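Enquirer: Can you read through this structure? Questions will come right after.
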Amino acid sequence: MEFAELIKTPRADNVVLHRPFHPAVEGTLCLTGHHLIFSSRRQDNAEELWLLHSNIDSIEKRFVGSLGTIVIKCKDLRIIQLDIPGMEECLNIASSIEALSTLDSVTLMYPFFYRPMFEVLEDGWSSFLLEQEFELLSSVTNEWRLSCVNKEFSVCPSYPPVVIVPKCVDDEALRKVAVFRHGGRFPVLSYYHKKNGMAMMRSSQPLTGTNGRRCKEDEKLINATLRSGRRGFVIDTRPLNVAQQARAKGGGFEQEVHYPQWRRIHKYIERFNILQESFIKLVEACNDQSHNMDRWLSKLEASNWLTHIKELLTAACLAAQCIDREGASVLVHGSEGTDSTLQVTSLAQIILDPRCRTIRGFEALVVREWLQAGHPFQQRCAQSAYSNSKQKWEAPVFLLFLECVWQIHRQFPCSFEFNEQFLILLFEHSYASQFGTFLGNNENERAKLKLPQKTMSLWSWVNRPEELRRFQNPLYEANSLVIWPSVAPQSLQLWEGVFLRWNRPSKFLEEAEEERFNIIKYNKELQAKVNALRRQLAEMETDEEAQEEP
Amino acid sequence: VENVRLLDRLSSRRAVVGTLYLTATHVIFVENGSETRKETWVLHSQISSIEKQATTATGCPLLIRCKNFQVIQLVIPQERDCHDVYISLIRLARPVKYEELYCFSFNPKLDKEEREQGWKLVDLNEEYNRMGVPNNYWQISDVNRDYGVCDSYPTEVYVPKSATAHIIVGSSKFRSRRRFPALSYYCKGNNASICRSSQPLSGFSARCLEDEQMLQAIRKANPGSDFIYVVDTRPKLNAMANRAAGKGYENEDNYSNIKFQFIGIENIHVMRNSLQKMLEVCELKSPSMSDFLWGLENSGWLKHIKAIMDAGIFIAKAVAEEGVSVLVHCSDGWDRTAQVCSVASLLLDPYYRTMKGFMVLIEKDWVSFGHKFNHRYGNLDGDPKEISPVIDQFIECVWQLMEQFPCAFEFNERFLIHIQHHIYSCQFGNFLCNSQKERRELKIKERTYSLWAHLWKNRADYLNPLYRSDHSQTQGTLHPQITPCNFLYKFWSGMYNRFEKGLHPRQSVTDYLMAVKEETQQLEEELEVLQERLANLQKSQSGDNKVKSKQQDQSKQIGLYTSNNSLANTPQEYSHDLKSFPSRSPSQGDEEDSALILTQDNLKSSDPDLSANSDQESGVEDLSCRSPSGGGCLPSEDSGKDSDEAVFLAG
């Protein structure tokens, strides 16, 4: 297919661009296969806006006489308005944008066409291999092994080719367990707590069905993580009645007769469509122009967004508590084990593991616990909060995770190597990107699409020193401790950096950020200077003494 | 009283046993056992209510709520003791004479001269001169020399030059409590001014020539503009109701060249109830997100804060952008008027956003113009209907602005919190009484100390590290966003949940940056010393006279970072009650609430009264899970039993 066929009017002049908190600008609008480009022709202040078509969530058009207006709502929640003279041009442009922003073939997406303008220092596609992770693990324990049982994606289509499992369980047993778990997602290691040797595993629900099927290998597998005489906790992210209902459909939960050493805790985390609705309501509330204070708070409340945040954080704290405080191993799962399960396991690691609070460690966490673990990014992030089409797979699952990280970050502003911008970047790129990282729903699909060969990895770009600089938190001081956030309502705030990003003046806050940065930079420069002088003085003084002595 | 238990509000399982002392000025709780013997000190004047609850098996609970939003729950073993404590506290918390207040016994060990110096720190004459008056348009009037015209006004007030004593006195007779229009803020740049007064006694039709002349004089004092705004900060309905009582508002027809404007801010009773409702929300034990947001919304508190801000923004805009003078009043002109004038001044003039300037602002718009501190903050036993968080709201407005303009203020949040604390503490004489007249009669300046001097002495603690006097945010008028702006107003947990340290960010960016800046300063000094020595050394090596450098100074270590960071991270020790761990019946659908509590001394303070509560329990963290509270479910706490039974029952 040629993109040109979809572009009936590639260019329009005298277009006026309106954005909140910016004066209107007149300029030229161009459409290309993947971008909407607006450039103002004013000599003094040339400005260009490049917008990926895949970032466009919805488009509205209306006419006043022959002046057409297009309102473009983006997946990063920005809203822009373009006034286009000429009804035909406007209609053409609107329909082109609509077609180009809803291409259904992945291979037509921009990452397949994007050619980087930077030198690749390190290929992000191979930056975070599970093998490296395992090497680190083997230096502290020999209870685990790498298994290639899923080499061909034949045991579990949504798992990566290699996984970490207890050493005493062989591949044959894993195959049996996979049959007993929804979607073949048998329990695998998610996190090993070095401090006390406790493990966090994740899986999908067991397929016990109504007649209480059991699987000896499954029991053996998860029991292998227990110390003798100690108990473990199964954190089920569904409420009990949902877990019960799941049995009718062949699913279920670990029954205590068969898992006597495990105690089950149901910690309800909301799923799919409920989250998507909540997301849509919240964004509506944030874009509401009314002056009434009351309506803002009740709309915020009615969106339930912060309730989801609170529940998710609470569940993650509980998992972390079981591991660190109770000294117990934990197995986390919901139904499929691809959404709430990953939210809980990854947030628990943020709390427990200082490494996950570094830039590199956080990237590794996202790769390990989201991309490789088979969170269906393509399904979940196909549409954002403005989309009219009601497809049932969209859900801001990853965004919720990022916001929880932000909430913890806000409470421990000096314990993270990355800043808020880094989290916002990941939010943006999970919805629309020039990089292939978030394409596909799992490693299997990514391999089939040959993404590592055909597209650039986000990590290749972001880990370049000049880019990294923008995402560093100047206040960072390595904190080797477990960080326990507060989950009280008073401690949780709306993530303004994402939800109010386009509807509030950001100048003063940015200035404050810059000021913080400068204070620390100046301090570090002074330190360097003082140290250099000290050294120089010491040298001169020893020289002098040496001269004196003979 | 011995063997008293002090309960933790967020987790009933955590309680400490200790001894309760009542002194003439404080309630003191000293913890038993532990080596540090943590102490909690509460000033009697901070106590806003004491509640004796039903006796339980463990003892008699006593709930003390404080005006600085601390809530203390005690359990006293003997009912008799509890009753005695209760009765004593009721008496002690409600003094009837000024002499009983703490400031008359508080002695910070300063000599007479230092005390006098302290009172001179904030000088309003100097302030009016700074604004640029007296000048061609404004002069000081001595008409109120002996409080003869208005007993709640200061002796020295600025009025338009063309307003004669006759006009002033005439106007004062037409104004509630004789609070005639007087200058609050003068804008040097364009001659526009903010004046304040009380409502006119206009009733349905009365008018007063002198009052009309007075407003005319105010307009004339600003030659650049041909009208003035008269802003009535009451809701229109309230103002109209006042007409029936012979009061009311200005009729535009009677006054030449005024533009009349209502900006509805609710009265003190509405505000008192609103705060009460919000505090109830703050006191909820493990509230859900919805409980909290609904409660906050229903309290209406943030709506009221926004109304005050809106009025201030309107006035600042009129003065700065339109160059029009504004006369502000409400009913008596000492509550809403003070709020609005001071918010507008703060927006207009960067000086008021400095530490010293902020003290001056409170002294000018609140203390000197007769804001009734004693009545509003219940220092002496009085009518509970007079109590209202008027200045608390102003302080919160400042905080909301600080959130929006992080570099614009020289002081930090702690400064605001400590001022709020001392408005109620009566430890310093500044906020005693209801007017300047009363304070002079009590000889406050001779008998008590000034808070401003105390804060100024410790100013290093109150600095905003992001403030730079040459920063663009510190220049000129602040322009807060007007629309849409609802979400800009946030709940201030640093104030209203001030004593629940566990709810606050565990690491303070402000403290961190302050430490970095302090270190930077030391580095700058060291750098200078080193450079000098280097120069000397070079000289001595080229020439032959040897200057032996002092070796000892060298060893100064740069260790601030680590110490600062360890402070931020201390509270990782974490106690946990295993019984409370989720051993719950699987059929219970309600959420497990783990409130993670962690206390940390992040309130750096030089004030023993303020830090007494915060330096305890550093390093204790608690994750308490609420025990199951399911209704109607079979308890299957016995974990050995297979819970599938319960599953069926529930299903």
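Here, A, B, ... name the chains of the structure tokens in the order displayed, residue numbers run from 1 inside each chain, and ligands are numbered from 1 in the same displayed order.
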Residues of chain A no more than 6 Å from chain B, counting only C-alpha atoms: send them over as a list in words.
Expert: Glu256, Gln289, Met293, Asp294, Leu297, Glu301, Thr307, Gln411, Phe412, Ser486, Pro489, Ser491, Phe508, Ala512, Asn523 and Val530 of chain A
Enquirer: Would you output that residue set with N, CA, C and O atoms, as a PDB file, in the first residue's frame?
Expert:
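Okay, this is what ended up in part25.pdb:
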ATOM      1  N   GLU A 256      -6.526 -24.822  49.346  1.00  0.00           N
ATOM      2  CA  GLU A 256      -5.600 -25.046  50.449  1.00  0.00           C
ATOM      3  C   GLU A 256      -5.320 -26.521  50.724  1.00  0.00           C
ATOM      4  O   GLU A 256      -4.263 -26.840  51.243  1.00  0.00           O
ATOM      5  N   GLN A 289     -13.573  22.833  31.463  1.00  0.00           N
ATOM      6  CA  GLN A 289     -13.226  24.251  31.556  1.00  0.00           C
ATOM      7  C   GLN A 289     -14.055  24.995  32.599  1.00  0.00           C
ATOM      8  O   GLN A 289     -13.900  26.192  32.758  1.00  0.00           O
ATOM      9  N   MET A 293     -15.325  24.726  41.586  1.00  0.00           N
ATOM     10  CA  MET A 293     -14.395  23.913  42.365  1.00  0.00           C
ATOM     11  C   MET A 293     -15.012  22.562  42.722  1.00  0.00           C
ATOM     12  O   MET A 293     -14.363  21.527  42.657  1.00  0.00           O
ATOM     13  N   ASP A 294     -16.271  22.611  43.120  1.00  0.00           N
ATOM     14  CA  ASP A 294     -16.939  21.387  43.553  1.00  0.00           C
ATOM     15  C   ASP A 294     -16.914  20.338  42.474  1.00  0.00           C
ATOM     16  O   ASP A 294     -16.654  19.181  42.719  1.00  0.00           O
ATOM     17  N   LEU A 297     -13.587  18.331  42.120  1.00  0.00           N
ATOM     18  CA  LEU A 297     -13.296  17.273  43.091  1.00  0.00           C
ATOM     19  C   LEU A 297     -14.236  16.086  42.929  1.00  0.00           C
ATOM     20  O   LEU A 297     -13.809  14.940  43.041  1.00  0.00           O
ATOM     21  N   GLU A 301     -13.190  12.357  41.909  1.00  0.00           N
ATOM     22  CA  GLU A 301     -13.614  11.220  42.728  1.00  0.00           C
ATOM     23  C   GLU A 301     -14.351  10.205  41.863  1.00  0.00           C
ATOM     24  O   GLU A 301     -14.079   9.001  41.924  1.00  0.00           O
ATOM     25  N   THR A 307      -8.486   5.869  43.274  1.00  0.00           N
ATOM     26  CA  THR A 307      -8.818   4.647  44.020  1.00  0.00           C
ATOM     27  C   THR A 307      -8.037   3.471  43.445  1.00  0.00           C
ATOM     28  O   THR A 307      -7.495   2.647  44.186  1.00  0.00           O
ATOM     29  N   GLN A 411       7.159  10.546  47.017  1.00  0.00           N
ATOM     30  CA  GLN A 411       7.378  10.380  48.451  1.00  0.00           C
ATOM     31  C   GLN A 411       8.854  10.165  48.789  1.00  0.00           C
ATOM     32  O   GLN A 411       9.273  10.400  49.915  1.00  0.00           O
ATOM     33  N   PHE A 412       9.603   9.708  47.813  1.00  0.00           N
ATOM     34  CA  PHE A 412      11.049   9.502  48.015  1.00  0.00           C
ATOM     35  C   PHE A 412      11.818  10.211  46.897  1.00  0.00           C
ATOM     36  O   PHE A 412      12.449   9.564  46.060  1.00  0.00           O
ATOM     37  N   SER A 486       3.550   5.644  51.634  1.00  0.00           N
ATOM     38  CA  SER A 486       2.263   5.749  52.323  1.00  0.00           C
ATOM     39  C   SER A 486       1.162   5.634  51.276  1.00  0.00           C
ATOM     40  O   SER A 486       1.266   6.184  50.185  1.00  0.00           O
ATOM     41  N   PRO A 489      -4.963   8.391  51.466  1.00  0.00           N
ATOM     42  CA  PRO A 489      -5.433   9.317  50.423  1.00  0.00           C
ATOM     43  C   PRO A 489      -4.702  10.655  50.463  1.00  0.00           C
ATOM     44  O   PRO A 489      -4.451  11.251  49.422  1.00  0.00           O
ATOM     45  N   SER A 491      -1.751  11.154  50.959  1.00  0.00           N
ATOM     46  CA  SER A 491      -0.399  11.037  50.413  1.00  0.00           C
ATOM     47  C   SER A 491      -0.387  10.846  48.908  1.00  0.00           C
ATOM     48  O   SER A 491       0.668  10.836  48.300  1.00  0.00           O
ATOM     49  N   PHE A 508       6.549  28.055  35.442  1.00  0.00           N
ATOM     50  CA  PHE A 508       7.108  28.284  36.771  1.00  0.00           C
ATOM     51  C   PHE A 508       7.637  26.996  37.387  1.00  0.00           C
ATOM     52  O   PHE A 508       8.615  26.994  38.104  1.00  0.00           O
ATOM     53  N   ALA A 512      11.513  26.051  38.385  1.00  0.00           N
ATOM     54  CA  ALA A 512      11.896  25.502  39.690  1.00  0.00           C
ATOM     55  C   ALA A 512      12.787  24.281  39.502  1.00  0.00           C
ATOM     56  O   ALA A 512      13.793  24.111  40.200  1.00  0.00           O
ATOM     57  N   ASN A 523      27.090  23.078  43.109  1.00  0.00           N
ATOM     58  CA  ASN A 523      27.713  22.418  44.253  1.00  0.00           C
ATOM     59  C   ASN A 523      28.751  21.391  43.796  1.00  0.00           C
ATOM     60  O   ASN A 523      29.855  21.330  44.333  1.00  0.00           O
ATOM     61  N   VAL A 530      37.419  22.409  44.564  1.00  0.00           N
ATOM     62  CA  VAL A 530      38.076  22.354  45.869  1.00  0.00           C
ATOM     63  C   VAL A 530      38.978  21.129  45.949  1.00  0.00           C
ATOM     64  O   VAL A 530      40.120  21.215  46.408  1.00  0.00           O
TER      65      VAL A 530
END
Enquirer: Based on the backbone DSSP call, show me all residues of range 295-384 of chain A assigned helix (DSSP H, G or I), as a ChimeraX atom specification.
Expert: /A:295-303,305-324,340-352,354-357,359-371,377-380
Enquirer: Quick check for you: according to DSSP on this backbone, which residues of range 164-400 of chain B are classed as strand (DSSP E)? Reply as number ranges by chain.
Expert: B: 182-186, 193-197, 228-232, 258-262, 325-329
Enquirer: Mind giving me the straight-line distance from CA of Leu6 in chain B to CA of Gln73 in chain B in Å, one decimal?
Expert: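 We find that CA of Leu6 in chain B and CA of Gln73 in chain B lie 5.9 Å from each other.
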Enquirer: So which residues touch range 465-468 of chain A within 9 Å, counting only C-alpha atoms, skipping near sequence neighbours fewer than 3 positions away, as a count of residues only?
Expert: 6
